[in-house]
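Peer 1: Input model_37.cif, format and content: mmCIF, N, CA and C atoms.
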```cif
data_run
#
loop_
_atom_site.group_PDB
_atom_site.id
_atom_site.type_symbol
_atom_site.label_atom_id
_atom_site.label_comp_id
_atom_site.auth_asym_id
_atom_site.auth_seq_id
_atom_site.Cartn_x
_atom_site.Cartn_y
_atom_site.Cartn_z
ATOM 1 N N MET T 1 -16.022 72.306 19.034
ATOM 2 C CA MET T 1 -15.530 71.639 20.225
ATOM 3 C C MET T 1 -15.905 70.141 20.222
ATOM 4 N N SER T 2 -17.123 69.866 19.802
ATOM 5 C CA SER T 2 -17.528 68.469 19.786
ATOM 6 C C SER T 2 -16.758 67.686 18.710
ATOM 7 N N ALA T 3 -16.433 68.331 17.605
ATOM 8 C CA ALA T 3 -15.684 67.647 16.544
ATOM 9 C C ALA T 3 -14.280 67.276 17.017
ATOM 10 N N LYS T 4 -13.660 68.161 17.774
ATOM 11 C CA LYS T 4 -12.329 67.863 18.296
ATOM 12 C C LYS T 4 -12.394 66.693 19.274
ATOM 13 N N ALA T 5 -13.420 66.661 20.087
ATOM 14 C CA ALA T 5 -13.566 65.560 21.048
ATOM 15 C C ALA T 5 -13.739 64.242 20.302
ATOM 16 N N LYS T 6 -14.538 64.269 19.238
ATOM 17 C CA LYS T 6 -14.741 63.052 18.450
ATOM 18 C C LYS T 6 -13.435 62.561 17.836
ATOM 19 N N ARG T 7 -12.703 63.490 17.246
ATOM 20 C CA ARG T 7 -11.447 63.094 16.611
ATOM 21 C C ARG T 7 -10.486 62.485 17.624
ATOM 22 N N SER T 8 -10.423 63.057 18.790
ATOM 23 C CA SER T 8 -9.493 62.528 19.786
ATOM 24 C C SER T 8 -9.916 61.142 20.245
ATOM 25 N N ARG T 9 -11.217 60.911 20.330
ATOM 26 C CA ARG T 9 -11.690 59.577 20.734
ATOM 27 C C ARG T 9 -11.343 58.539 19.668
ATOM 28 N N ILE T 10 -11.565 58.887 18.417
ATOM 29 C CA ILE T 10 -11.268 57.950 17.323
ATOM 30 C C ILE T 10 -9.776 57.642 17.295
ATOM 31 N N ALA T 11 -8.975 58.686 17.443
ATOM 32 C CA ALA T 11 -7.530 58.480 17.424
ATOM 33 C C ALA T 11 -7.098 57.614 18.602
ATOM 34 N N ALA T 12 -7.699 57.844 19.766
ATOM 35 C CA ALA T 12 -7.338 57.062 20.944
ATOM 36 C C ALA T 12 -7.748 55.601 20.759
ATOM 37 N N LYS T 13 -8.927 55.396 20.167
ATOM 38 C CA LYS T 13 -9.386 54.022 19.942
ATOM 39 C C LYS T 13 -8.494 53.298 18.946
ATOM 40 N N SER T 14 -8.138 53.965 17.852
ATOM 41 C CA SER T 14 -7.315 53.301 16.846
ATOM 42 C C SER T 14 -5.923 52.988 17.404
ATOM 43 N N GLU T 15 -5.395 53.875 18.239
ATOM 44 C CA GLU T 15 -4.098 53.593 18.860
ATOM 45 C C GLU T 15 -4.183 52.369 19.751
ATOM 46 N N LYS T 16 -5.271 52.253 20.495
ATOM 47 C CA LYS T 16 -5.444 51.095 21.371
ATOM 48 C C LYS T 16 -5.551 49.805 20.556
ATOM 49 N N LYS T 17 -6.283 49.858 19.439
ATOM 50 C CA LYS T 17 -6.418 48.659 18.605
ATOM 51 C C LYS T 17 -5.079 48.234 18.033
ATOM 52 N N VAL T 18 -4.303 49.179 17.594
ATOM 53 C CA VAL T 18 -2.990 48.857 17.034
ATOM 54 C C VAL T 18 -2.096 48.283 18.117
ATOM 55 N N ALA T 19 -2.203 48.811 19.319
ATOM 56 C CA ALA T 19 -1.364 48.328 20.407
ATOM 57 C C ALA T 19 -1.777 46.918 20.827
ATOM 58 N N LYS T 20 -3.077 46.607 20.784
ATOM 59 C CA LYS T 20 -3.550 45.300 21.239
ATOM 60 C C LYS T 20 -3.452 44.227 20.161
ATOM 61 N N LYS T 21 -3.409 44.627 18.890
ATOM 62 C CA LYS T 21 -3.499 43.669 17.792
ATOM 63 C C LYS T 21 -2.446 42.560 17.840
ATOM 64 N N PRO T 22 -1.151 42.835 17.991
ATOM 65 C CA PRO T 22 -0.174 41.739 17.978
ATOM 66 C C PRO T 22 -0.363 40.749 19.130
ATOM 67 N N THR T 23 -0.716 41.233 20.311
ATOM 68 C CA THR T 23 -0.879 40.309 21.435
ATOM 69 C C THR T 23 -2.102 39.436 21.247
ATOM 70 N N SER T 24 -3.226 40.010 20.798
ATOM 71 C CA SER T 24 -4.427 39.208 20.618
ATOM 72 C C SER T 24 -4.235 38.202 19.488
ATOM 73 N N MET T 25 -3.501 38.586 18.430
ATOM 74 C CA MET T 25 -3.267 37.647 17.334
ATOM 75 C C MET T 25 -2.432 36.461 17.792
ATOM 76 N N THR T 26 -1.418 36.702 18.568
ATOM 77 C CA THR T 26 -0.572 35.594 18.990
ATOM 78 C C THR T 26 -1.320 34.677 19.954
ATOM 79 N N LYS T 27 -2.138 35.243 20.827
ATOM 80 C CA LYS T 27 -2.892 34.407 21.761
ATOM 81 C C LYS T 27 -3.912 33.550 21.024
ATOM 82 N N SER T 28 -4.694 34.156 20.120
ATOM 83 C CA SER T 28 -5.704 33.380 19.407
ATOM 84 C C SER T 28 -5.041 32.354 18.495
ATOM 85 N N HIS T 29 -3.914 32.722 17.884
ATOM 86 C CA HIS T 29 -3.224 31.790 16.997
ATOM 87 C C HIS T 29 -2.671 30.609 17.797
ATOM 88 N N ALA T 30 -2.133 30.878 18.969
ATOM 89 C CA ALA T 30 -1.592 29.803 19.794
ATOM 90 C C ALA T 30 -2.704 28.871 20.256
ATOM 91 N N ARG T 31 -3.878 29.429 20.505
ATOM 92 C CA ARG T 31 -4.986 28.613 20.959
ATOM 93 C C ARG T 31 -5.579 27.821 19.800
ATOM 94 N N ALA T 32 -5.580 28.387 18.605
ATOM 95 C CA ALA T 32 -6.219 27.751 17.465
ATOM 96 C C ALA T 32 -5.390 26.596 16.907
ATOM 97 N N VAL T 33 -4.077 26.663 17.003
ATOM 98 C CA VAL T 33 -3.222 25.635 16.419
ATOM 99 C C VAL T 33 -2.895 24.588 17.488
ATOM 100 N N PRO T 34 -3.419 23.381 17.364
ATOM 101 C CA PRO T 34 -3.105 22.345 18.354
ATOM 102 C C PRO T 34 -1.685 21.836 18.164
ATOM 103 N N LYS T 35 -1.117 21.316 19.223
ATOM 104 C CA LYS T 35 0.248 20.800 19.154
ATOM 105 C C LYS T 35 0.212 19.337 18.740
ATOM 106 N N GLY T 36 0.246 19.116 17.452
ATOM 107 C CA GLY T 36 0.290 17.761 16.922
ATOM 108 C C GLY T 36 -1.048 17.060 16.963
ATOM 109 N N LEU T 37 -1.007 15.774 16.720
ATOM 110 C CA LEU T 37 -2.209 14.957 16.688
ATOM 111 C C LEU T 37 -2.869 14.813 18.056
ATOM 112 N N PRO T 38 -2.115 14.639 19.149
ATOM 113 C CA PRO T 38 -2.774 14.557 20.454
ATOM 114 C C PRO T 38 -3.546 15.824 20.820
ATOM 115 N N GLY T 39 -3.002 16.973 20.462
ATOM 116 C CA GLY T 39 -3.696 18.229 20.748
ATOM 117 C C GLY T 39 -4.977 18.347 19.944
ATOM 118 N N LEU T 40 -4.928 17.905 18.692
ATOM 119 C CA LEU T 40 -6.116 17.930 17.847
ATOM 120 C C LEU T 40 -7.185 16.990 18.400
ATOM 121 N N ALA T 41 -6.787 15.797 18.806
ATOM 122 C CA ALA T 41 -7.741 14.834 19.360
ATOM 123 C C ALA T 41 -8.358 15.354 20.649
ATOM 124 N N ARG T 42 -7.538 15.964 21.504
ATOM 125 C CA ARG T 42 -8.049 16.529 22.752
ATOM 126 C C ARG T 42 -9.079 17.616 22.491
ATOM 127 N N ARG T 43 -8.777 18.470 21.500
ATOM 128 C CA ARG T 43 -9.691 19.568 21.195
ATOM 129 C C ARG T 43 -11.006 19.038 20.628
ATOM 130 N N ILE T 44 -10.957 18.021 19.769
ATOM 131 C CA ILE T 44 -12.177 17.461 19.184
ATOM 132 C C ILE T 44 -13.033 16.812 20.267
ATOM 133 N N VAL T 45 -12.410 16.055 21.166
ATOM 134 C CA VAL T 45 -13.159 15.388 22.235
ATOM 135 C C VAL T 45 -13.766 16.417 23.176
ATOM 136 N N ARG T 46 -13.021 17.469 23.481
ATOM 137 C CA ARG T 46 -13.520 18.497 24.402
ATOM 138 C C ARG T 46 -14.681 19.268 23.790
ATOM 139 N N ASN T 47 -14.623 19.547 22.478
ATOM 140 C CA ASN T 47 -15.663 20.341 21.836
ATOM 141 C C ASN T 47 -16.889 19.517 21.455
ATOM 142 N N ASN T 48 -16.714 18.231 21.129
ATOM 143 C CA ASN T 48 -17.831 17.395 20.660
ATOM 144 C C ASN T 48 -17.832 16.026 21.338
ATOM 145 N N PRO T 49 -18.063 15.943 22.633
ATOM 146 C CA PRO T 49 -17.983 14.628 23.284
ATOM 147 C C PRO T 49 -19.051 13.644 22.797
ATOM 148 N N LEU T 50 -20.264 14.120 22.542
ATOM 149 C CA LEU T 50 -21.323 13.227 22.080
ATOM 150 C C LEU T 50 -21.025 12.701 20.684
ATOM 151 N N ARG T 51 -20.513 13.555 19.824
ATOM 152 C CA ARG T 51 -20.181 13.140 18.463
ATOM 153 C C ARG T 51 -19.065 12.101 18.468
ATOM 154 N N VAL T 52 -18.107 12.255 19.372
ATOM 155 C CA VAL T 52 -17.011 11.288 19.468
ATOM 156 C C VAL T 52 -17.539 9.942 19.938
ATOM 157 N N LEU T 53 -18.445 9.951 20.913
ATOM 158 C CA LEU T 53 -19.033 8.687 21.387
ATOM 159 C C LEU T 53 -19.833 7.996 20.285
ATOM 160 N N LEU T 54 -20.608 8.766 19.543
ATOM 161 C CA LEU T 54 -21.378 8.172 18.443
ATOM 162 C C LEU T 54 -20.453 7.611 17.365
ATOM 163 N N GLY T 55 -19.382 8.310 17.073
ATOM 164 C CA GLY T 55 -18.425 7.820 16.084
ATOM 165 C C GLY T 55 -17.740 6.549 16.532
ATOM 166 N N ALA T 56 -17.386 6.487 17.811
ATOM 167 C CA ALA T 56 -16.742 5.288 18.345
ATOM 168 C C ALA T 56 -17.710 4.104 18.322
ATOM 169 N N ALA T 57 -18.973 4.356 18.649
ATOM 170 C CA ALA T 57 -19.965 3.283 18.614
ATOM 171 C C ALA T 57 -20.177 2.792 17.185
ATOM 172 N N ALA T 58 -20.207 3.703 16.234
ATOM 173 C CA ALA T 58 -20.380 3.306 14.832
ATOM 174 C C ALA T 58 -19.183 2.504 14.343
ATOM 175 N N ALA T 59 -17.986 2.923 14.727
ATOM 176 C CA ALA T 59 -16.781 2.189 14.320
ATOM 177 C C ALA T 59 -16.764 0.801 14.937
ATOM 178 N N ALA T 60 -17.199 0.677 16.185
ATOM 179 C CA ALA T 60 -17.252 -0.637 16.840
ATOM 180 C C ALA T 60 -18.279 -1.533 16.156
ATOM 181 N N LEU T 61 -19.392 -0.960 15.759
ATOM 182 C CA LEU T 61 -20.421 -1.739 15.069
ATOM 183 C C LEU T 61 -19.910 -2.248 13.722
ATOM 184 N N VAL T 62 -19.239 -1.400 12.978
ATOM 185 C CA VAL T 62 -18.680 -1.804 11.687
ATOM 186 C C VAL T 62 -17.624 -2.892 11.877
ATOM 187 N N ALA T 63 -16.774 -2.722 12.878
ATOM 188 C CA ALA T 63 -15.735 -3.730 13.136
ATOM 189 C C ALA T 63 -16.364 -5.066 13.526
ATOM 190 N N ALA T 64 -17.428 -5.040 14.326
ATOM 191 C CA ALA T 64 -18.095 -6.283 14.734
ATOM 192 C C ALA T 64 -18.740 -6.978 13.536
ATOM 193 N N LYS T 65 -19.369 -6.183 12.658
ATOM 194 C CA LYS T 65 -20.002 -6.772 11.470
ATOM 195 C C LYS T 65 -18.952 -7.382 10.528
ATOM 196 N N LEU T 66 -17.831 -6.674 10.335
ATOM 197 C CA LEU T 66 -16.775 -7.212 9.479
ATOM 198 C C LEU T 66 -16.167 -8.476 10.072
ATOM 199 N N LYS T 67 -15.992 -8.483 11.378
ATOM 200 C CA LYS T 67 -15.428 -9.665 12.029
ATOM 201 C C LYS T 67 -16.368 -10.858 11.896
ATOM 202 N N GLN T 68 -17.664 -10.591 12.027
ATOM 203 C CA GLN T 68 -18.664 -11.656 11.922
ATOM 204 C C GLN T 68 -18.717 -12.210 10.491
ATOM 205 N N ARG T 69 -18.555 -11.310 9.514
ATOM 206 C CA ARG T 69 -18.665 -11.740 8.129
ATOM 207 C C ARG T 69 -17.438 -12.531 7.664
ATOM 208 N N PHE T 70 -16.237 -12.120 8.082
ATOM 209 C CA PHE T 70 -15.004 -12.760 7.605
ATOM 210 C C PHE T 70 -14.455 -13.813 8.553
ATOM 211 N N ALA T 71 -15.085 -14.029 9.684
ATOM 212 C CA ALA T 71 -14.574 -15.033 10.624
ATOM 213 C C ALA T 71 -15.297 -16.337 10.505
#
```
Represent the structure of the file as structure tokens.

Peer 2:
Amino acid sequence: MSAKAKRSRIAAKSEKKVAKKPTSMTKSHARAVPKGLPGLARRIVRNNPLRVLLGAAAAALVAAKLKQRFA
């Protein structure tokens, strides 16, 4: 009796996974793929705001040094 109960649970679980798989794949895929360059930039800024600020400060410093050297 317990073996039959186990088999039915496994079968029910696998059916649920198969039923949910296409919807979860499309949702995660839609979320993972940004829409062009603006979407990619938005995602990077949202996930790493401190890193973006540090990168912008470093780029400004390099630009200032180059301007000072060649001007």

Peer 1: What is the CA of Ala41 in chain T-CA of Ala58 in chain T distance in Å, reported with one decimal?

Peer 2: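 These two atoms are separated by 17.7 Å.
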
Peer 1: Mind pulling up the distance from CA of Ala63 in chain T to CA of Ile44 in chain T?

Peer 2: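 Distance between the two atoms: 22.3 Å.
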
Peer 1: Quick one: pull the distance between CA of Gly36 in chain T and CA of Asn48 in chain T, Å, one decimal.

Peer 2: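 Straight-line distance from CA of Gly36 in chain T to CA of Asn48 in chain T works out to 18.5 Å.
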
Peer 1: Quick one: axis-aligned box around all listed atoms of range 62-66 of chain T, 3 Å on every side, centre and edge lengths in Å to one decimal, written as JSON.

Peer 2:
```
{"center_x": -17.9, "center_y": -4.9, "center_z": 12.1, "size_x": 10.3, "size_y": 13.1, "size_z": 11.3}
```
